[in-house]
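Peer 1: Please read through the structure below; I'll follow up with questions.
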Number of protein chains: 2
Amino acid sequence: MSKSLTATLKIALAQCNFHVGDIPGNTAKIIEAAKKAADDGAQLIVFSELALSGYPPEDLLMRPSLEPRINEALREVAAVSHDIAIAVGYPVTRDNRLYNCAGVWSEGVCLGEYAKQELPNYQVFDEKRYFSAGKDAKVIELHGVKLGLTVCEDIWFDAPIAMAADAGADVILNLNASPFHSGKQQERIDLIKKHTSQHKLPVLYVNQSGGQDELVFDGSSFAVNAASECVLQMASWREDQAYVMFEQGELRAESESREAREDGLASLYNALVVGVRDYVNKNRFPGVVLGLSGGIDSALTLAVAVDALGPERVRAVMMPFTYTSGMSKEDAALQAEAMGVKYQSISIEPMYREFMSALAPDFEGLKVDTTEENLQSRCRGVLLMALSNKTGYMVLTTGNKSEMAVGYATLYGDMAGGYGALKDVYKTKVFALAEYRNSISPVIPQRVIDRPPSAELAPDQVDEDSLPAYPVLDDILERYIEHDESAEQIITAGHNREDVMRVVRLVDVNEYKRRQAPIGVRVTRRGFGRDRRYPVTNGWKAGI
Amino acid sequence: MSKSLTATLKIALAQCNFHVGDIPGNTAKIIEAAKKAADDGAQLIVFSELALSGYPPEDLLMRPSLEPRINEALREVAAVSHDIAIAVGYPVTRDNRLYNCAGVWSEGVCLGEYAKQELPNYQVFDEKRYFSAGKDAKVIELHGVKLGLTVCEDIWFDAPIAMAADAGADVILNLNASPFHSGKQQERIDLIKKHTSQHKLPVLYVNQSGGQDELVFDGSSFAVNAASECVLQMASWREDQAYVMFEQGELRAESESREAREDGLASLYNALVVGVRDYVNKNRFPGVVLGLSGGIDSALTLAVAVDALGPERVRAVMMPFTYTSGMSKEDAALQAEAMGVKYQSISIEPMYREFMSALAPDFEGLKVDTTEENLQSRCRGVLLMALSNKTGYMVLTTGNKSEMAVGYATLYGDMAGGYGALKDVYKTKVFALAEYRNSISPVIPQRVIDRPPSAELAPDQVDEDSLPAYPVLDDILERYIEHDESAEQIITAGHNREDVMRVVRLVDVNEYKRRQAPIGVRVTRRGFGRDRRYPVTNGWKAGI
């Protein structure tokens with residue numbers, strides 16, 4: 001009988017919301033969680049990837065003062081490790097190379113450090129910019145239990161787990177900073193079960209929670225036993241701490257899985273709320289201000305903002321013009337009242353008139369075009385930014401992914417702001433999310449959902465006059481942007497050639513707008529942030 | 001006597017300005033250059049790295065239609081290779097992996113393809129995001145001469161050249177897409193001479209020229225013989241084609257080196273001109289419009305724009321307000337006249353007044369702060385954007401690197417525009433460049449250079465009231481941004497602690513502004529573009 005079959009270990013899984021760059025703050029959070037776990041009788045606590053620095057630290061990893069700061073933090077971790085062993089992620093420099101490490105600390109010393117072998121350098125990830133890859137497994141024995149260390153991406157490959165199993169691991173610890181996108185949790189569980197069934201080893205999957213710029217981390221940490229049963233499912237979209245018991249070679253949870261995994265629209269909505277909340281709070285804005293137009297995008301954005309921050313930290317401003325319908329004004333006021341936020345109305349007519357008057361000599365004889373529409377939008381942007389500058393409230397932008405894709409937005413106008421709640425949400429999903437939110441409590445007037453979308457920048461304007469119907473547009477966009485289908489492939493899939501060529505062309509030529517857009521919550525496999533790096537100057541022609 | 005000592009080869013070096021994504025256009029340019037070289041009696045022509053796609057193609061490399069497009073281009077290259085052998089860079093997919101290749105084509109077939117071994121994934125480079133690394137040397141015999149192929153970064157390491165030498169190369173072809181930064185050409189020559197002296201092999205260094213978004217490529221291709229003598233120096237900052245003769249085991253140029261390498265301020269100024277010219281032309285803007293304030297940044301920007309595009313494609317707009325001095329108005333008008341550009345003046349007073357009137361209920365009882373300054377700047381931004389939208393002229397922004405670093409700029413105000421000419425130029429260098437440009441012909445009124453810089457957004461405002469003197473500021477910035485020194489290191493180097501802590505803090509907290517800034521010419525080792533990837537949400541504290 002191997003030693004581990006008699007060994008027993010109570011393990012805490014700590015799902016924390018760290019703050020990138022704030023090494024002392026993250027360390028304090030780690031120590032607090034460790035002390036609580038020790039009080040609860042745990043002998044080991046497992047944190048997420050790069051917990052000390054926060055994830056992703058980006059170019060902070062290149063600052064020479066990173067190493068002394070991490071070392072200072074590790075001295076504090078070592079001190080508390082007399083009470084409980086701590087498995088935690090942090091960057092480590094060895095022989096002038098930087099590694100993405102998981103270290104196990106106990107009784108004041110480091111029992112060993114594992115260097116991540118598989119470094120993601122795709123989508124939003126740039127880990128090969130910073131890190132060298134580890135080459136070896138690391139199995140650390142703690143109270144007779146052999147812990148096989150892995151970090152995030154390692155688990156998406158076969159070798160690292162197989163190497164840890166070969167090195168005698170009894171249980172795999174997988175420290176993650178795995179950002180959310182729709183449907184990801186099922187992928188993770190399926191993946192871990194593939195490993196557990198192959199190696200007959202339990203796996204603890206520990207993820208962080210919270211938002212960091214465009215990324216949101218759902219948490220959703222879990223544990224799977226050697227029989228490929230999910231014995232623990234932790235909370236989504238908030239911090240959480242839970243325990244498993246490893247004994248007689250097997251893993252079991254202290255209690256039944258405490259919270260069902262979220263899915264679909266609820267999960268998407270929560271992602272938006274967490275993204276906005278953490279961006280605003282971690283950057284210490286007192287609140288947000290947004291332009292409420294009476295349309296569905298700003299209506300949903302307002303709901304997200306209030307759910308993220310509470311009504312007292314949200315201000316809504318209606319900025320009507322000639323083309324603003326009475327219905328829009330009514331609905332905006334109704335929603336603001338329903339949500340209990342401060343609401344005001346400021347007409348843009350006087351400023352618009354002065355700009356047009358000053359530009360009259362230049363515009364004489366030229367026809368009315370999108371210039372005048374952009375001017376309306378920019379008057380609104382200037383008003384919101386002035387309120388923001390004076391109050392410290394951040395402007396929350398309301399544009400959706402369909403608009404950002406085709407450039408149906410005004411730079412320095414409706415695109416002006418610090419963060420975009422719906423930046424990665426297609427218009428069809430905006431409708432679905434509005435219905436979802438109203439199913440919890442009715443906050444968005446039904447008429448806002450039902451009426452045809454309009455930017456109200458020209459008389460009787462309706463979006464679908466100048467764009468394909470949103471279900472068509474969004475399907476073309478998703479195929480082109482997220483699945484990299486060519487125009488011909490999209491046409492073959494059944495779309496009208498003219499629509500496809502026009503939409504694809506619009507996506508290509510509007511890269512310059514997206515490059516100056518505020519960051520916003522990423523919820524798909526490819527958002528318009530670090531995910532998608534297209535040249536602005538680009539002679540690529542749509543087609544094959 | 002080895003075969004190559006009797007062989008003779010006339011080789012053309014083709015330094016072209018390609019257009020990223022425009023594979024048919026680039027191919028046509030390659031064929032034209034090849035035909036000219038064949039007419040001139042050359043047997044081989046060498047192009048730069050990824051010439052078919054342009055460099056850097058970024059995520060266009062992930063489009064599935066890339067491969068058929070490249071294959072189509074290679075059929076055209078193959079056809080013309082009956083007249084002359086062609087060494088050219090392009091992406092190649094083999095076994096589902098993408099490689100950054102240099103291929104040699106002759107008599108309608110590919111004689112061999114080399115896959116780049118060293119993939120840069122630092123600074124502005126993301127090549128590991130796209131490419132797998134080659135592992136082998138490739139030496140191709142052409143008319144009895146053995147050509148050792150290498151691609152760009154390979155030459156910054158020892159192994160690739162050594163492997164090519166071991167494989168019997170008589171001459172090294174190095175296909176580059178090497179972006180400019182100040183001082184880089186000397187680094188390249190020193191590096192190549194190190195290789196030639198070690199391996200006693202001549203090297204042909206072929207670089208592209210022209211601008212691509214934030215990157216500018218100086219060209220400056222050259223050839224070094226086995227005795228480490230630079231036998232050919234090609235033009236900087238424009239397309240060029242030149243010939244060398246390989247005979248009796250040695251390399252010689254047809255004529256004396258034709259153009260001295262540019263250096264210092266001239267080189268820097270040319271970089272700005274080429275960056276602006278190619279961004280405007282490749283994106284097909286008819287011209288540019290800029291706000292001319294009477295200050296030195298917009299004065300230098302106007303000079304760059306006119307040198308890039310000619311006066312008939314440049315418009316300057318003075319937008320005075322209460323705080324605009326008479327001197328500024330005079331100097332702006334003087335410079336516009338000296339440069340022969342269309343000039344007009346539009347007061348921002350009426351719009352400013354209307355905004356303040358609309359905001360009065362919100363601002364009542366609150367003290368005047370930067371809100372009012374930003375509002376002035378944003379009125380100007382809206383005017384310029386309206387002129388841009390109506391005419392198609394792109395707004396050229398005028399902010400410098402010192403301002404962008406500390407956030408001394410207004411989002412959607414003076415930061416509004418398509419491209420920043422001075423984005424990577426510190427204020428002290430702005431002064432030096434203005435003097436340099438005036439040394440060619442006097443276009444910037446001397447008073448603009450001599451007076452203390454002021455944003456003129458408040459009564460009697462002078463920049464150095466709120467910032468350290470520019471020579472001090474710029475030294476702190478360069479140490480922090482480009483050399484990654486910590487605050488303590490900068491203080492130890494002799495700077496005042498209070499200045500350092502304040503400046504470093506300003507750099508850290510203004511990442512959100514830079515994230516929404518227009519792209520602009522990169523001329524230093526670390527610009528504020530792809531080079532520097534800091535989180536916006538960032539708890540890092542200045543200090544050690």
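Labels used: A, B, ... for chains in the order of the structure tokens, numbers from 1 for residues in each chain, and numbers from 1 for ligands as shown.
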Do a neighbour search on segment 43-46 of chain B at 9 Å with only C-alpha atoms, toss out local chain neighbours closer than 3 positions, and write the hits as a list in words.

Peer 2: Leu9, Lys10, Ile11, Ala12, Leu13, Ala14, Gln15, Ala33, Ala34, Ala37, Ala38, Asp83, Ile84, Ala85, Ile86, Ala87, Val88, Val104, Ser106, Leu142, His143, Leu173, Asn174, Leu175, Leu204, Val206 and Tyr243 of chain B

Peer 1: Can I get the selected residues back with N, CA, C and O atoms, as an mmCIF file, in the first residue's frame?

Peer 2:
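And here's selection.cif as it stands now:
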data_model
loop_
_atom_site.group_PDB
_atom_site.id
_atom_site.type_symbol
_atom_site.label_atom_id
_atom_site.label_comp_id
_atom_site.auth_asym_id
_atom_site.auth_seq_id
_atom_site.Cartn_x
_atom_site.Cartn_y
_atom_site.Cartn_z
ATOM 1 N N LEU B 9 27.887 35.898 -60.060
ATOM 2 C CA LEU B 9 26.460 36.154 -59.937
ATOM 3 C C LEU B 9 26.231 37.649 -59.742
ATOM 4 O O LEU B 9 26.810 38.254 -58.832
ATOM 5 N N LYS B 10 25.414 38.228 -60.603
ATOM 6 C CA LYS B 10 25.028 39.620 -60.398
ATOM 7 C C LYS B 10 23.694 39.622 -59.641
ATOM 8 O O LYS B 10 22.720 39.029 -60.081
ATOM 9 N N ILE B 11 23.721 40.277 -58.499
ATOM 10 C CA ILE B 11 22.576 40.219 -57.590
ATOM 11 C C ILE B 11 21.971 41.614 -57.426
ATOM 12 O O ILE B 11 22.681 42.575 -57.142
ATOM 13 N N ALA B 12 20.651 41.689 -57.560
ATOM 14 C CA ALA B 12 19.932 42.943 -57.294
ATOM 15 C C ALA B 12 19.367 42.923 -55.877
ATOM 16 O O ALA B 12 18.856 41.897 -55.426
ATOM 17 N N LEU B 13 19.496 44.048 -55.191
ATOM 18 C CA LEU B 13 18.841 44.212 -53.889
ATOM 19 C C LEU B 13 17.656 45.150 -54.100
ATOM 20 O O LEU B 13 17.852 46.285 -54.560
ATOM 21 N N ALA B 14 16.462 44.680 -53.778
ATOM 22 C CA ALA B 14 15.254 45.477 -54.024
ATOM 23 C C ALA B 14 14.657 45.944 -52.714
ATOM 24 O O ALA B 14 14.187 45.142 -51.910
ATOM 25 N N GLN B 15 14.718 47.252 -52.508
ATOM 26 C CA GLN B 15 14.202 47.863 -51.278
ATOM 27 C C GLN B 15 12.885 48.535 -51.621
ATOM 28 O O GLN B 15 12.872 49.618 -52.190
ATOM 29 N N ALA B 33 10.023 45.103 -60.303
ATOM 30 C CA ALA B 33 11.428 45.232 -59.894
ATOM 31 C C ALA B 33 12.267 44.103 -60.479
ATOM 32 O O ALA B 33 13.418 44.313 -60.904
ATOM 33 N N ALA B 34 11.702 42.891 -60.537
ATOM 34 C CA ALA B 34 12.434 41.739 -61.065
ATOM 35 C C ALA B 34 12.723 41.932 -62.551
ATOM 36 O O ALA B 34 13.828 41.654 -63.036
ATOM 37 N N ALA B 37 15.507 44.389 -63.000
ATOM 38 C CA ALA B 37 16.799 43.787 -62.649
ATOM 39 C C ALA B 37 17.256 42.835 -63.747
ATOM 40 O O ALA B 37 18.451 42.782 -64.083
ATOM 41 N N ALA B 38 16.317 42.071 -64.309
ATOM 42 C CA ALA B 38 16.673 41.162 -65.401
ATOM 43 C C ALA B 38 17.191 41.973 -66.595
ATOM 44 O O ALA B 38 18.205 41.617 -67.208
ATOM 45 N N ASP B 83 13.030 34.669 -66.084
ATOM 46 C CA ASP B 83 13.929 35.746 -66.509
ATOM 47 C C ASP B 83 15.039 36.014 -65.495
ATOM 48 O O ASP B 83 16.116 36.469 -65.848
ATOM 49 N N ILE B 84 14.721 35.791 -64.234
ATOM 50 C CA ILE B 84 15.673 36.093 -63.156
ATOM 51 C C ILE B 84 15.258 35.314 -61.914
ATOM 52 O O ILE B 84 14.055 35.158 -61.652
ATOM 53 N N ALA B 85 16.237 34.816 -61.181
ATOM 54 C CA ALA B 85 15.899 34.136 -59.927
ATOM 55 C C ALA B 85 15.440 35.167 -58.903
ATOM 56 O O ALA B 85 15.933 36.302 -58.887
ATOM 57 N N ILE B 86 14.493 34.757 -58.063
ATOM 58 C CA ILE B 86 13.886 35.680 -57.110
ATOM 59 C C ILE B 86 13.946 35.094 -55.707
ATOM 60 O O ILE B 86 13.447 33.990 -55.475
ATOM 61 N N ALA B 87 14.561 35.833 -54.795
ATOM 62 C CA ALA B 87 14.522 35.460 -53.372
ATOM 63 C C ALA B 87 13.551 36.414 -52.690
ATOM 64 O O ALA B 87 13.743 37.631 -52.734
ATOM 65 N N VAL B 88 12.528 35.859 -52.076
ATOM 66 C CA VAL B 88 11.459 36.718 -51.566
ATOM 67 C C VAL B 88 10.836 36.097 -50.312
ATOM 68 O O VAL B 88 10.806 34.864 -50.172
ATOM 69 N N VAL B 104 13.479 30.799 -52.725
ATOM 70 C CA VAL B 104 14.193 31.176 -53.940
ATOM 71 C C VAL B 104 13.523 30.485 -55.122
ATOM 72 O O VAL B 104 13.368 29.255 -55.127
ATOM 73 N N SER B 106 13.274 30.011 -59.358
ATOM 74 C CA SER B 106 14.055 30.141 -60.594
ATOM 75 C C SER B 106 13.487 29.195 -61.636
ATOM 76 O O SER B 106 13.074 28.078 -61.296
ATOM 77 N N LEU B 142 22.782 28.451 -56.858
ATOM 78 C CA LEU B 142 22.262 29.141 -58.046
ATOM 79 C C LEU B 142 23.454 29.528 -58.913
ATOM 80 O O LEU B 142 24.341 30.261 -58.458
ATOM 81 N N HIS B 143 23.491 29.030 -60.111
ATOM 82 C CA HIS B 143 24.617 29.282 -61.015
ATOM 83 C C HIS B 143 25.947 29.045 -60.309
ATOM 84 O O HIS B 143 26.896 29.811 -60.476
ATOM 85 N N LEU B 173 22.141 35.705 -47.556
ATOM 86 C CA LEU B 173 21.064 36.648 -47.879
ATOM 87 C C LEU B 173 20.231 36.835 -46.616
ATOM 88 O O LEU B 173 19.763 35.860 -46.039
ATOM 89 N N ASN B 174 20.056 38.069 -46.202
ATOM 90 C CA ASN B 174 19.277 38.347 -44.997
ATOM 91 C C ASN B 174 18.106 39.249 -45.387
ATOM 92 O O ASN B 174 18.279 40.419 -45.724
ATOM 93 N N LEU B 175 16.909 38.667 -45.371
ATOM 94 C CA LEU B 175 15.686 39.383 -45.775
ATOM 95 C C LEU B 175 15.056 40.003 -44.533
ATOM 96 O O LEU B 175 14.683 39.289 -43.599
ATOM 97 N N LEU B 204 24.283 40.096 -47.542
ATOM 98 C CA LEU B 204 23.410 41.104 -48.151
ATOM 99 C C LEU B 204 22.244 41.353 -47.210
ATOM 100 O O LEU B 204 21.485 40.430 -46.912
ATOM 101 N N VAL B 206 18.875 43.164 -46.816
ATOM 102 C CA VAL B 206 17.821 43.833 -47.601
ATOM 103 C C VAL B 206 16.636 44.162 -46.700
ATOM 104 O O VAL B 206 16.027 43.262 -46.112
ATOM 105 N N TYR B 243 22.809 46.958 -57.188
ATOM 106 C CA TYR B 243 23.397 45.684 -57.620
ATOM 107 C C TYR B 243 24.741 45.444 -56.950
ATOM 108 O O TYR B 243 25.502 46.377 -56.703
#

Peer 1: Residues at most 12 Å from Arg252 of chain B, counting only C-alpha atoms, excluding those fewer than 3 positions away in the same chain, as JSON, numbers by chain?

Peer 2: {"B": [8, 9, 10, 11, 202, 203, 204, 222, 223, 224, 225, 226, 227, 228, 229, 230, 231, 232, 233, 242, 243, 244, 245, 246, 247, 248, 249, 255, 256, 257]}

Peer 1: Please return, as a ChimeraX atom specification, all residues of chain B lying within 7 Å of chain A when only C-alpha atoms are considered.

Peer 2: /B:19-22,57-60,63-65,121-122,128-129,212-213,279,282-283,346,350-351,354-355,358,371,375,378,382,386,389-390,412,484,486,516-518,532-540,544

Peer 1: So that I can see what lies close to Ala115 of chain A, please list as a list of chain:residue names the residues with an atom at most 6 Å from it, counting only C-alpha atoms and leaving out residues fewer than 3 positions away in the same chain.

Peer 2: A:Tyr99, A:Asn100, A:Cys101, A:Gly134

Peer 1: Would you mind reading off the distance between atom CA of Ala28 of chain B and atom CA of Gly210 of chain B, one decimal, in Å?

Peer 2: 17.1 Å

Peer 1: For the structure I just gave you, how does DSSP split segment 20-263 of chain B - specifically, which residues are strand (DSSP E)? Reply as a PyMOL selection string.

Peer 2: chain B and resi 44-46+85-94+97-106+109-115+139-142+145-151+171-175+203-206+209-212+215-218+222-224+230-233+240-247+250-253

Peer 1: What is the distance between atom CA of Val109 of chain A and atom CA of Cys16 of chain A, in Å to one decimal?

Peer 2: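 Here the two named atoms are 23.3 Å from each other.
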